[in-house]
Structures are given as structure tokens and as C-alpha cells.
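What follows is the content of work14.pdb (PDB, C-alpha atoms).
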ATOM      1  CA  MET T  98      57.192  31.376   0.445
ATOM      2  CA  PRO T  99      53.977  29.505   1.426
ATOM      3  CA  PRO T 100      53.701  25.907   0.266
ATOM      4  CA  PRO T 101      51.562  25.308  -2.831
ATOM      5  CA  LYS T 102      47.939  24.431  -2.234
ATOM      6  CA  PRO T 103      46.869  20.869  -2.936
ATOM      7  CA  LYS T 104      44.466  20.133  -5.766
ATOM      8  CA  ILE T 105      41.244  18.403  -4.690
ATOM      9  CA  ILE T 106      38.834  16.804  -7.159
ATOM     10  CA  ALA T 107      35.626  14.924  -6.302
ATOM     11  CA  TYR T 108      34.794  12.201  -8.836
ATOM     12  CA  CYS T 109      31.111  11.293  -8.686
ATOM     13  CA  ASN T 110      29.547   8.049  -9.860
ATOM     14  CA  LYS T 111      25.819   8.805 -10.124
ATOM     15  CA  PRO T 112      22.551   7.255 -11.358
ATOM     16  CA  LEU T 113      21.145   8.366 -14.705
ATOM     17  CA  GLU T 114      17.744   6.752 -14.160
ATOM     18  CA  GLY T 115      15.825   5.998 -10.985
ATOM     19  CA  VAL T 116      14.528   2.515 -10.295
ATOM     20  CA  GLY T 117      11.057   3.899  -9.548
ATOM     21  CA  ASN T 118      10.889   5.519 -12.996
ATOM     22  CA  VAL T 119      12.077   2.353 -14.741
ATOM     23  CA  LEU T 120       9.558   0.141 -12.959
ATOM     24  CA  HIS T 121       6.728   2.564 -13.706
ATOM     25  CA  ALA T 122       7.525   2.741 -17.424
ATOM     26  CA  PHE T 123       7.690  -1.061 -17.748
ATOM     27  CA  LYS T 124       4.151  -2.423 -17.487
ATOM     28  CA  TYR T 125       3.949  -6.044 -16.418
ATOM     29  CA  ASP T 126       1.165  -8.052 -14.813
ATOM     30  CA  PRO T 127       1.935  -7.990 -11.060
ATOM     31  CA  ALA T 128       0.281 -11.402 -10.677
ATOM     32  CA  LYS T 129       3.090 -12.889 -12.795
ATOM     33  CA  LEU T 130       5.662 -11.475 -10.388
ATOM     34  CA  GLN T 131       4.486 -13.571  -7.458
ATOM     35  CA  PRO T 132       6.651 -16.579  -6.482
ATOM     36  CA  THR T 133       5.488 -20.019  -7.574
ATOM     37  CA  ASP T 134       6.660 -21.480  -4.262
ATOM     38  CA  SER T 135       7.490 -20.128  -0.809
ATOM     39  CA  LEU T 136      10.857 -18.425  -1.303
ATOM     40  CA  ALA T 137      11.855 -16.435   1.753
ATOM     41  CA  ASP T 138      14.277 -14.203  -0.175
ATOM     42  CA  TYR T 139      12.089 -13.665  -3.254
ATOM     43  CA  ASP T 140      12.000 -10.040  -4.409
ATOM     44  CA  PRO T 141       9.396  -9.035  -7.047
ATOM     45  CA  ILE T 142      11.339  -5.862  -7.903
ATOM     46  CA  THR T 143      14.477  -7.827  -8.744
ATOM     47  CA  HIS T 144      12.378 -10.313 -10.712
ATOM     48  CA  LYS T 145      10.783  -7.523 -12.755
ATOM     49  CA  LEU T 146      14.132  -5.833 -13.420
ATOM     50  CA  ASP T 147      15.598  -9.161 -14.575
ATOM     51  CA  ILE T 148      12.686  -9.633 -16.994
ATOM     52  CA  LEU T 149      13.220  -6.119 -18.370
ATOM     53  CA  ARG T 150      16.958  -6.716 -18.834
ATOM     54  CA  GLN T 151      16.235  -9.923 -20.743
ATOM     55  CA  GLN T 152      13.691  -8.196 -22.977
ATOM     56  CA  THR T 153      15.806  -5.120 -23.753
ATOM     57  CA  GLY T 154      19.250  -6.704 -23.729
ATOM     58  CA  LYS T 155      20.799  -3.647 -22.102
ATOM     59  CA  GLU T 156      21.534  -2.108 -18.742
ATOM     60  CA  ILE T 157      18.280  -0.585 -17.502
ATOM     61  CA  LEU T 158      19.780   1.339 -14.577
ATOM     62  CA  PRO T 159      22.628   3.214 -16.295
ATOM     63  CA  ARG T 160      25.143   5.260 -14.359
ATOM     64  CA  GLY T 161      27.257   8.249 -15.267
ATOM     65  CA  ALA T 162      30.240  10.205 -14.004
ATOM     66  CA  SER T 163      31.064  13.820 -13.277
ATOM     67  CA  GLU T 164      33.870  15.796 -11.683
ATOM     68  CA  LEU T 165      33.787  18.632  -9.196
ATOM     69  CA  ALA T 166      36.745  20.729  -8.087
ATOM     70  CA  LEU T 167      36.918  21.856  -4.454
ATOM     71  CA  TYR T 168      38.235  25.316  -3.563
ATOM     72  CA  ASP T 169      39.675  27.238  -0.636
ATOM     73  CA  ASP T 170      39.016  30.709  -2.039
ATOM     74  CA  GLY T 171      36.121  31.917   0.116
ATOM     75  CA  ALA T 172      33.710  31.845  -2.835
ATOM     76  CA  HIS T 173      32.480  28.229  -2.772
ATOM     77  CA  ASP T 174      30.898  27.877   0.696
ATOM     78  CA  ASP T 175      34.310  26.973   2.078
ATOM     79  CA  GLY T 176      34.584  29.662   4.748
ATOM     80  CA  ALA T 177      37.428  32.152   4.655
ATOM     81  CA  ALA T 178      39.936  32.023   1.832
ATOM     82  CA  GLY T 179      43.149  30.217   2.711
ATOM     83  CA  ASP T 180      41.826  28.644   5.920
ATOM     84  CA  GLY T 181      42.551  25.106   4.742
ATOM     85  CA  LEU T 182      38.907  24.165   4.215
ATOM     86  CA  TYR T 183      37.959  23.069   0.694
ATOM     87  CA  ALA T 184      34.364  22.921  -0.517
ATOM     88  CA  ASN T 185      31.963  23.201  -3.438
ATOM     89  CA  SER T 186      28.304  22.445  -4.147
ATOM     90  CA  PHE T 187      26.987  19.461  -6.099
ATOM     91  CA  ALA T 188      23.358  19.966  -7.155
ATOM     92  CA  ASP T 189      22.852  17.181  -9.701
ATOM     93  CA  THR T 190      20.933  14.970  -7.286
ATOM     94  CA  LYS T 191      17.436  14.865  -8.798
ATOM     95  CA  ILE T 192      17.584  11.149  -9.627
ATOM     96  CA  GLN T 193      16.849   8.428  -7.088
ATOM     97  CA  GLY T 194      19.750   6.137  -6.299
ATOM     98  CA  SER T 195      23.218   5.853  -4.768
ATOM     99  CA  TYR T 196      25.872   8.528  -5.307
ATOM    100  CA  THR T 197      29.518   7.684  -4.666
ATOM    101  CA  PHE T 198      32.135  10.436  -4.370
ATOM    102  CA  ARG T 199      35.833   9.656  -4.586
ATOM    103  CA  PHE T 200      37.815  12.615  -3.252
ATOM    104  CA  VAL T 201      41.366  12.816  -4.578
ATOM    105  CA  ALA T 202      43.735  15.349  -3.022
ATOM    106  CA  SER T 203      46.987  15.625  -4.987
ATOM    107  CA  ASP T 204      50.107  17.782  -4.804
ATOM    108  CA  ILE T 205      50.146  17.581  -0.999
ATOM    109  CA  PRO T 206      53.599  18.613   0.298
ATOM    110  CA  SER T 207      55.169  15.777   2.298
ATOM    111  CA  GLY T 208      58.617  17.226   3.040
ATOM    112  CA  SER T 209      62.001  17.185   1.320
ATOM    113  CA  GLY T 210      60.386  18.632  -1.798
ATOM    114  CA  LEU T 211      58.171  15.599  -2.208
ATOM    115  CA  LYS T 212      54.416  15.486  -2.758
ATOM    116  CA  THR T 213      51.805  12.860  -2.021
ATOM    117  CA  THR T 214      48.202  11.998  -2.855
ATOM    118  CA  ARG T 215      45.353  11.046  -0.576
ATOM    119  CA  GLU T 216      41.955   9.534  -1.423
ATOM    120  CA  TRP T 217      38.694   9.195   0.459
ATOM    121  CA  THR T 218      35.356   7.711  -0.646
ATOM    122  CA  LYS T 219      31.882   8.612   0.577
ATOM    123  CA  SER T 220      28.497   7.282  -0.604
ATOM    124  CA  PHE T 221      24.898   8.261   0.095
ATOM    125  CA  TYR T 222      21.487   7.231  -1.190
ATOM    126  CA  ASN T 223      19.050   9.810  -2.537
ATOM    127  CA  GLN T 224      15.415   8.977  -1.813
ATOM    128  CA  VAL T 225      12.372  10.276  -3.699
ATOM    129  CA  ASN T 226      10.947  13.113  -1.608
ATOM    130  CA  ILE T 227       7.280  12.579  -2.454
ATOM    131  CA  ASP T 228       4.858  15.502  -2.419
ATOM    132  CA  PRO T 229       1.057  15.289  -2.761
ATOM    133  CA  LYS T 230       1.082  18.411  -4.974
ATOM    134  CA  TYR T 231       3.015  16.506  -7.652
ATOM    135  CA  SER T 232       1.494  13.056  -7.103
ATOM    136  CA  ASP T 233      -1.514  11.457  -8.785
ATOM    137  CA  ILE T 234      -4.392  10.920  -6.354
ATOM    138  CA  ASN T 235      -7.486   9.603  -8.113
ATOM    139  CA  ILE T 236     -10.646   8.675  -6.223
ATOM    140  CA  THR T 237     -13.444   7.765  -8.635
ATOM    141  CA  LEU T 238     -17.022   6.887  -7.772
ATOM    142  CA  LEU T 239     -17.912   3.593  -9.467
ATOM    143  CA  ALA T 240     -21.387   2.798  -8.181
ATOM    144  CA  LYS T 241     -24.028   3.720  -5.623
ATOM    145  CA  THR T 242     -26.325   1.342  -3.795
ATOM    146  CA  ALA T 243     -28.740   1.642  -0.925
ATOM    147  CA  ASP T 244     -25.948   0.417   1.368
ATOM    148  CA  GLY T 245     -23.275   2.876   0.258
ATOM    149  CA  MET T 246     -20.820   3.766  -2.489
ATOM    150  CA  ARG T 247     -17.996   1.907  -4.229
ATOM    151  CA  TYR T 248     -14.883   3.871  -5.171
ATOM    152  CA  SER T 249     -11.744   3.200  -7.170
ATOM    153  CA  VAL T 250      -8.660   4.538  -5.386
ATOM    154  CA  LYS T 251      -5.350   5.031  -7.200
ATOM    155  CA  ILE T 252      -2.301   6.644  -5.591
ATOM    156  CA  VAL T 253       0.898   7.357  -7.570
ATOM    157  CA  PRO T 254       3.449   9.055  -5.266
ATOM    158  CA  LYS T 255       5.946  11.354  -7.023
ATOM    159  CA  ASP T 256       8.317  14.195  -6.203
ATOM    160  CA  GLN T 257       8.563  17.674  -7.708
ATOM    161  CA  PHE T 258      10.886  16.417 -10.459
ATOM    162  CA  GLY T 259       8.455  13.741 -11.656
ATOM    163  CA  ASN T 260      10.325  10.834 -10.066
ATOM    164  CA  PHE T 261       8.142   7.908  -9.019
ATOM    165  CA  LEU T 262       8.532   6.571  -5.491
ATOM    166  CA  GLY T 263       8.263   3.023  -6.774
ATOM    167  CA  PRO T 264       6.953  -0.206  -5.225
ATOM    168  CA  GLU T 265       7.293  -1.962  -1.876
ATOM    169  CA  TYR T 266       6.068   0.896   0.286
ATOM    170  CA  PRO T 267       3.034   0.394   2.533
ATOM    171  CA  VAL T 268       0.250   2.694   1.308
ATOM    172  CA  VAL T 269      -2.731   2.793   3.650
ATOM    173  CA  VAL T 270      -6.090   4.537   3.359
ATOM    174  CA  THR T 271      -8.008   5.211   6.560
ATOM    175  CA  VAL T 272     -11.740   5.859   6.272
ATOM    176  CA  SER T 273     -12.163   8.360   9.081
ATOM    177  CA  HIS T 274     -15.125  10.143  10.619
ATOM    178  CA  PRO T 275     -15.920  11.313  14.148
ATOM    179  CA  GLY T 276     -15.876   8.353  16.470
ATOM    180  CA  ALA T 277     -14.608   5.672  14.067
ATOM    181  CA  GLN T 278     -11.783   4.704  11.717
ATOM    182  CA  ARG T 279     -11.297   1.849   9.274
ATOM    183  CA  VAL T 280      -7.894   1.013   7.750
ATOM    184  CA  ILE T 281      -7.498  -0.345   4.201
ATOM    185  CA  GLN T 282      -4.190  -1.498   2.672
ATOM    186  CA  LEU T 283      -3.844  -0.642  -1.030
ATOM    187  CA  ASN T 284      -2.480  -3.149  -3.547
ATOM    188  CA  ASP T 285       1.113  -2.688  -4.714
ATOM    189  CA  ASN T 286       1.257  -3.111  -8.508
ATOM    190  CA  ILE T 287       5.097  -3.197  -8.586
ATOM    191  CA  ASP T 288       5.128  -0.145 -10.891
ATOM    192  CA  GLY T 289       4.814   2.731  -8.436
ATOM    193  CA  THR T 290       1.009   2.695  -8.455
ATOM    194  CA  TYR T 291      -1.148   1.611  -5.528
ATOM    195  CA  THR T 292      -4.788   0.769  -6.170
ATOM    196  CA  LYS T 293      -7.893  -0.768  -4.675
ATOM    197  CA  GLU T 294     -11.667  -0.641  -4.863
ATOM    198  CA  ILE T 295     -13.135   0.366  -1.524
ATOM    199  CA  PHE T 296     -16.695   0.472  -0.244
ATOM    200  CA  ILE T 297     -17.958   3.357   1.857
ATOM    201  CA  THR T 298     -21.047   2.465   3.848
ATOM    202  CA  GLN T 299     -24.017   4.789   3.869
ATOM    203  CA  SER T 300     -23.495   5.459   7.567
ATOM    204  CA  GLU T 301     -19.889   6.501   6.861
ATOM    205  CA  ALA T 302     -21.061   8.765   4.036
ATOM    206  CA  ASP T 303     -23.741  10.304   6.268
ATOM    207  CA  ALA T 304     -21.009  11.035   8.820
ATOM    208  CA  ASP T 305     -18.978  12.905   6.132
ATOM    209  CA  ALA T 306     -16.122  10.393   6.199
ATOM    210  CA  ILE T 307     -12.784  11.404   4.672
ATOM    211  CA  LEU T 308      -9.834   9.365   3.400
ATOM    212  CA  GLU T 309      -6.534   9.788   5.225
ATOM    213  CA  ILE T 310      -3.653   8.513   3.080
ATOM    214  CA  ASP T 311      -0.456   7.303   4.773
ATOM    215  CA  ILE T 312       2.695   6.205   2.938
ATOM    216  CA  ASP T 313       5.466   4.295   4.685
ATOM    217  CA  GLY T 314       3.886   5.016   8.054
ATOM    218  CA  LYS T 315       3.729   8.792   7.525
ATOM    219  CA  LYS T 316       0.727  10.994   6.804
ATOM    220  CA  PHE T 317       0.734  11.925   3.115
ATOM    221  CA  THR T 318      -2.540  13.747   2.425
ATOM    222  CA  THR T 319      -6.284  13.773   3.049
ATOM    223  CA  ALA T 320      -8.977  13.388   0.393
ATOM    224  CA  LYS T 321     -12.671  14.174   0.552
ATOM    225  CA  LEU T 322     -15.246  11.823  -0.858
ATOM    226  CA  GLU T 323     -18.102  12.841  -3.115
ATOM    227  CA  PRO T 324     -20.549  14.723  -0.905
ATOM    228  CA  LYS T 325     -23.863  13.172   0.030
ATOM    229  CA  LEU T 326     -26.464  13.915  -2.631
ATOM    230  CA  ARG T 327     -29.366  16.024  -1.425
ATOM    231  CA  LYS T 328     -32.482  15.730  -3.592
ATOM    232  CA  PHE T 329     -33.717  19.317  -3.241
ATOM    233  CA  SER T 330     -31.945  22.650  -3.008
ATOM    234  CA  LEU T 331     -33.238  26.202  -2.926
ATOM    235  CA  SER T 332     -31.427  29.467  -3.607
ATOM    236  CA  ILE T 333     -32.502  33.118  -3.673
ATOM    237  CA  HIS T 334     -30.778  35.849  -5.697
ATOM    238  CA  GLY T 335     -31.261  39.598  -5.713
ATOM    239  CA  GLY T 336     -29.904  42.394  -7.857
ATOM    240  CA  ILE T 337     -30.580  45.211 -10.302
ATOM    241  CA  ALA T 338     -32.431  44.611 -13.583
ATOM    242  CA  VAL T 339     -31.209  46.825 -16.426
ATOM    243  CA  PRO T 340     -33.426  46.971 -19.556
ATOM    244  CA  ILE T 341     -31.694  46.941 -22.952
ATOM    245  CA  ASP T 342     -32.637  47.521 -26.585
ATOM    246  CA  ASN T 343     -36.366  48.330 -27.022
ATOM    247  CA  PHE T 344     -37.120  47.829 -23.327
ATOM    248  CA  ALA T 345     -34.796  50.699 -22.503
ATOM    249  CA  ASP T 346     -37.107  53.065 -24.402
ATOM    250  CA  ASP T 347     -40.012  52.356 -22.048
ATOM    251  CA  PHE T 348     -38.487  51.296 -18.723
ATOM    252  CA  GLU T 349     -35.977  52.441 -16.137
ATOM    253  CA  GLN T 350     -33.807  49.973 -14.258
ATOM    254  CA  GLY T 351     -35.186  48.420 -11.074
ATOM    255  CA  TYR T 352     -34.532  45.711  -8.507
ATOM    256  CA  ASN T 353     -35.154  42.023  -9.142
ATOM    257  CA  VAL T 354     -35.526  38.857  -7.074
ATOM    258  CA  LEU T 355     -34.948  35.346  -8.422
ATOM    259  CA  VAL T 356     -35.716  32.047  -6.688
ATOM    260  CA  ASP T 357     -34.581  28.715  -8.118
ATOM    261  CA  LEU T 358     -35.636  25.284  -6.923
ATOM    262  CA  ASP T 359     -33.460  22.300  -7.919
ATOM    263  CA  TYR T 360     -34.251  18.589  -7.902
ATOM    264  CA  HIS T 361     -31.054  16.511  -8.216
ATOM    265  CA  PHE T 362     -31.252  13.153  -9.967
ATOM    266  CA  THR T 363     -27.449  12.660  -9.748
ATOM    267  CA  GLN T 364     -24.446  14.859  -9.013
ATOM    268  CA  GLN T 365     -24.390  15.783 -12.725
ATOM    269  CA  LEU T 366     -28.124  15.890 -13.627
ATOM    270  CA  SER T 367     -30.735  18.197 -12.098
ATOM    271  CA  PHE T 368     -34.138  19.693 -12.908
ATOM    272  CA  VAL T 369     -34.239  23.432 -12.204
ATOM    273  CA  GLY T 370     -37.279  25.707 -11.864
ATOM    274  CA  PHE T 371     -36.937  29.522 -11.805
ATOM    275  CA  PHE T 372     -39.331  32.059 -10.278
ATOM    276  CA  GLY T 373     -38.541  35.756 -10.596
ATOM    277  CA  TYR T 374     -39.767  39.306 -10.076
ATOM    278  CA  ASN T 375     -38.401  42.379 -11.881
ATOM    279  CA  ASP T 376     -39.551  45.869 -10.847
ATOM    280  CA  PHE T 377     -38.906  47.937 -13.968
ATOM    281  CA  LYS T 378     -39.985  51.588 -13.641
ATOM    282  CA  SER T 379     -42.139  52.562 -16.615
ATOM    283  CA  LYS T 380     -41.257  55.710 -18.550
ATOM    284  CA  THR T 381     -44.659  55.671 -20.245
ATOM    285  CA  ALA T 382     -48.020  55.859 -18.485
ATOM    286  CA  GLY T 383     -50.230  52.824 -18.863
ATOM    287  CA  ILE T 384     -47.423  50.283 -19.206
ATOM    288  CA  ASP T 385     -47.220  47.704 -16.434
ATOM    289  CA  ASP T 386     -43.864  48.017 -14.708
ATOM    290  CA  ASN T 387     -43.849  44.665 -12.878
ATOM    291  CA  TYR T 388     -42.653  41.481 -14.636
TER     292      TYR T 388
END

As a first step, turn the structure in this file into C-alpha cells.
Amino acid sequence: MPPPKPKIIAYCNKPLEGVGNVLHAFKYDPAKLQPTDSLADYDPITHKLDILRQQTGKEILPRGASELALYDDGAHDDGAAGDGLYANSFADTKIQGSYTFRFVASDIPSGSGLKTTREWTKSFYNQVNIDPKYSDINITLLAKTADGMRYSVKIVPKDQFGNFLGPEYPVVVTVSHPGAQRVIQLNDNIDGTYTKEIFITQSEADADAILEIDIDGKKFTTAKLEPKLRKFSLSIHGGIAVPIDNFADDFEQGYNVLVDLDYHFTQQLSFVGFFGYNDFKSKTAGIDDNY
């Protein structure tokens, strides 16, 4: 008779809220989080969390527990059934933070009809896997001058689950165009947002400069600036003109050509002039068929 199989349970201590989400929800003036004297070990994140704990009177980074049984049945990614390998999948890892698993193997035969228990603990930290598709990237034109354009830049890195990366990551914007680059460090607001007003010179705009955004030393995404405003534009359109209602009684369809000339005051405001030619074929003699 084969010996009984041991029972293996993984007890997980897990975060219920990520620190990036907590810091983003709690708005506090970042200027008030700066040290009043030169403290080498001062941490603005810890300072902000302490303020939040004092204001709420509760634990702001709660933790929870769950259990997971491990199997040797060939149906839980454990290989072949009965091969002595126990496994299972734990998918509840959407929240940023540390996960600690305590593996308890019980009912292990130890000889002479006795059984024993063994334990093993393993921890890992789950980072926020930021993605530009789910992040907020706002680049807003504030003003134009003869020398260039002033923009407001706001970057809020998030992952596909809506978790905020949080503060204390270097977020850098590089103004890049052929032959030149200029690096700008964004301000860390200690709430997961990174902001700054930047000035793009007219020469950079004329060179079609773009913004390359790096987070924690890695390329995150690229953003285009508002295109250079051209005062005049011209377009030509061609097609078929089809008369309707009373016109259909006197005219056949015919080709048409339309030219429009635009004068742009701003990106949103333009003056447009249209010039067109429609070649309707008259059904009745004596009616002009060109309009």
C-alpha cells in the first residue's frame, strides 16, 4: 500500500491597496513635504503616509490573507500525476506590494507510523507594470510667442488595472529633433503625477521636434507637439454632382470641381473661401447647364 500523500497549503499574506494608489488619492501640497533641514534619511513618501494615518486614524495600507492548496494530480500545472511535484496557480496579484507565501506541508510520513510537518516561506514584490496605453499623457499648449511655444506637460503612469506607479521615479522628457536633443526633468508631485511647463523654441518647432518620455531610465513613449501653423492652405476636390428635387426635372447629373482656400488665424479658427464648377447636363433646351 503506497504511503498517503502529504497535504500542502500555501498561506498568502497580500496587499489590499497599493501605495501608489493611496498616494494618488490623497492630495497634499508637495512643497509641505520637503524637509525643513538637511536630513539625509528624509523620505517624503513616508512623511505623506504618516500625515494620512494621523488624519484618518486607520491603517492606510491594509493587508489580507488567502489560502491555496497545492496538488499532485496532473491538472494544476504540476506535471504528471503522482510524480511528487505539487503546484497550483495564484492569480490575485493585481495590487502593488509585497506578497508572502507560507507553505505548510503536513501529514508527511516520517517512519514508524509517525508523521511530520514542514514549513517554508517565500516573499516577492509586485511592481506596477506601467503601459502608455493606460496612462495619462497630457501635453497642452499654453501660449505662443515669436520665440516659440509654452506647453504644460503632465504624465501619470499607470498599468492596465488602473494602478498608479507612484512617486520617486525619474521621469524625463527629451525634446528631440534631427541633430539635437534637450533633456528636461519633470517635477515629482509625490502623488504619482509628474508635471512641468516647458518651452519649445521656434527653431525646435520648425524642425518638427518631438517629446521622448523616459521613466526610470527606460523609454516609455513618444509624443508629438502641435504642428507648426501654416497661414494658407489649398485643396481641390472632384466628384459627381447629382441634382435633386426641382433641379432633377431639368438637369442630368454631371461632374464637379471644388477648390477651397483657407486662411488660418489659429489651429481652431480659419477663414475659408470656396470656388466651384458643376457641369449639369440640361434636359431642356435653352437652360444653361454650367453652374

Hits of the PyMOL selection byres ((chain T and resi 225) around 7) in this structure, as a PyMOL selection string: chain T and resi 193+223-224+226-227+256+260+262

Take the residues from that selection and write them out as a PDB file, in the frame of the given file, keeping C-alpha atoms.
ATOM      1  CA  GLN T 193      16.849   8.428  -7.088  1.00  0.00           C
ATOM      2  CA  ASN T 223      19.050   9.810  -2.537  1.00  0.00           C
ATOM      3  CA  GLN T 224      15.415   8.977  -1.813  1.00  0.00           C
ATOM      4  CA  ASN T 226      10.947  13.113  -1.608  1.00  0.00           C
ATOM      5  CA  ILE T 227       7.280  12.579  -2.454  1.00  0.00           C
ATOM      6  CA  ASP T 256       8.317  14.195  -6.203  1.00  0.00           C
ATOM      7  CA  ASN T 260      10.325  10.834 -10.066  1.00  0.00           C
ATOM      8  CA  LEU T 262       8.532   6.571  -5.491  1.00  0.00           C
TER       9      LEU T 262
END

Residues matched by the PyMOL selection byres ((chain T and resi 248-254) around 10), written as number ranges by chain: T: 121, 225-241, 246-247, 255-256, 259-264, 268, 270, 283-285, 288-297, 310, 312, 317, 322-323

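Put simply, CA of Ala107 (chain T) is 6.2 Å away from CA of Ala166 (chain T).
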
Contact residues around region 154-163 of chain T with all atoms listed in the file at 7 Å, ignoring same-chain residues under 2 positions, as an MDAnalysis selection string: chainID T and resid 108:114 116 150:152 165

Only C-alpha atoms, please: the residues just picked out, written as a compact mmCIF listing (two decimals), keeping the file's coordinate frame.
# COMPACT_ATOMS: atom_id res chain seq x y z
CA TYR T 108 34.79 12.20 -8.84
CA CYS T 109 31.11 11.29 -8.69
CA ASN T 110 29.55 8.05 -9.86
CA LYS T 111 25.82 8.80 -10.12
CA PRO T 112 22.55 7.26 -11.36
CA LEU T 113 21.14 8.37 -14.70
CA GLU T 114 17.74 6.75 -14.16
CA VAL T 116 14.53 2.52 -10.30
CA ARG T 150 16.96 -6.72 -18.83
CA GLN T 151 16.24 -9.92 -20.74
CA GLN T 152 13.69 -8.20 -22.98
CA LEU T 165 33.79 18.63 -9.20

Best match for closeness to Leu130 (chain T) among T:Ile287, T:Val272, T:Val354, T:Ile205, counting all atoms listed in the file: T:Ile287

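In this structure, CA of Gln131 (chain T) sits 27.1 Å away from CA of Ser195 (chain T).
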
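Counting only C-alpha atoms, the residue from T:Thr319, T:Thr143, T:Gln350, T:Ser209 that sits nearest to Val269 (chain T) is T:Thr319.
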
Explicit residue set for the PyMOL selection byres ((chain T and resi 352) around 8), as a PyMOL selection string: chain T and resi 335-338+350-351+353-354+375-377

Residues as selected, C-alpha atoms, written as an mmCIF file, keeping the file's coordinate frame, can you do that?
data_model
loop_
_atom_site.group_PDB
_atom_site.id
_atom_site.type_symbol
_atom_site.label_atom_id
_atom_site.label_comp_id
_atom_site.auth_asym_id
_atom_site.auth_seq_id
_atom_site.Cartn_x
_atom_site.Cartn_y
_atom_site.Cartn_z
ATOM 1 C CA GLY T 335 -31.261 39.598 -5.713
ATOM 2 C CA GLY T 336 -29.904 42.394 -7.857
ATOM 3 C CA ILE T 337 -30.580 45.211 -10.302
ATOM 4 C CA ALA T 338 -32.431 44.611 -13.583
ATOM 5 C CA GLN T 350 -33.807 49.973 -14.258
ATOM 6 C CA GLY T 351 -35.186 48.420 -11.074
ATOM 7 C CA ASN T 353 -35.154 42.023 -9.142
ATOM 8 C CA VAL T 354 -35.526 38.857 -7.074
ATOM 9 C CA ASN T 375 -38.401 42.379 -11.881
ATOM 10 C CA ASP T 376 -39.551 45.869 -10.847
ATOM 11 C CA PHE T 377 -38.906 47.937 -13.968
#

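Of the listed residues T:Thr318, T:Asn185, T:Gln257, T:Ser367, the one whose atoms come nearest to Thr271 (chain T) is T:Thr318, with distances taken using all atoms listed in the file.
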
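You will find CA of Lys378 (chain T) at 27.5 Å from CA of Leu358 (chain T).
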
T:Gly117, T:Lys316, T:Lys102, T:Ala128 ranked by distance to Asn286 (chain T), top pick (using only C-alpha atoms): T:Ala128

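For the choices T:Leu120, T:Tyr125, T:Lys219, T:Asp204, the atom-to-atom distance to Ile142 (chain T) is smallest for T:Leu120 when using all atoms listed in the file.
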
With 4 Å of padding per side, what axis-aligned box (centre and edge lengths, Å, one decimal) covers all the listed atoms of region 128-132 of chain T? Give it as lines of an AutoDock Vina configuration file.
center_x = 3.5
center_y = -14.0
center_z = -9.6
size_x = 14.4
size_y = 13.2
size_z = 14.3

Neighbours of point (-32.3, 20.3, -7.7) within 7 Å, using only C-alpha atoms, written as number ranges by chain: T: 328-330, 358-361, 367-369

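Counting only C-alpha atoms and comparing T:Lys321, T:Gly115, T:Thr153, T:Lys191, the residue that lies closest to Ala306 (chain T) is T:Lys321.
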
Residue contacts of region 174-180 of chain T (12 Å, all atoms listed in the file) excluding same-chain residues fewer than 3 positions away, as a PyMOL selection string: chain T and resi 99-103+167-171+183-187

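With only the atoms specified (all atoms listed in the file) counting, those residues at most 10 Å away from (43.4, 14.4, -1.2) are Pro103, Lys104, Ile105, Ile106, Ala107, Arg199, Phe200, Val201, Ala202, Ser203, Asp204, Ile205, Thr213, Thr214, Arg215, Glu216 and Trp217 of chain T.
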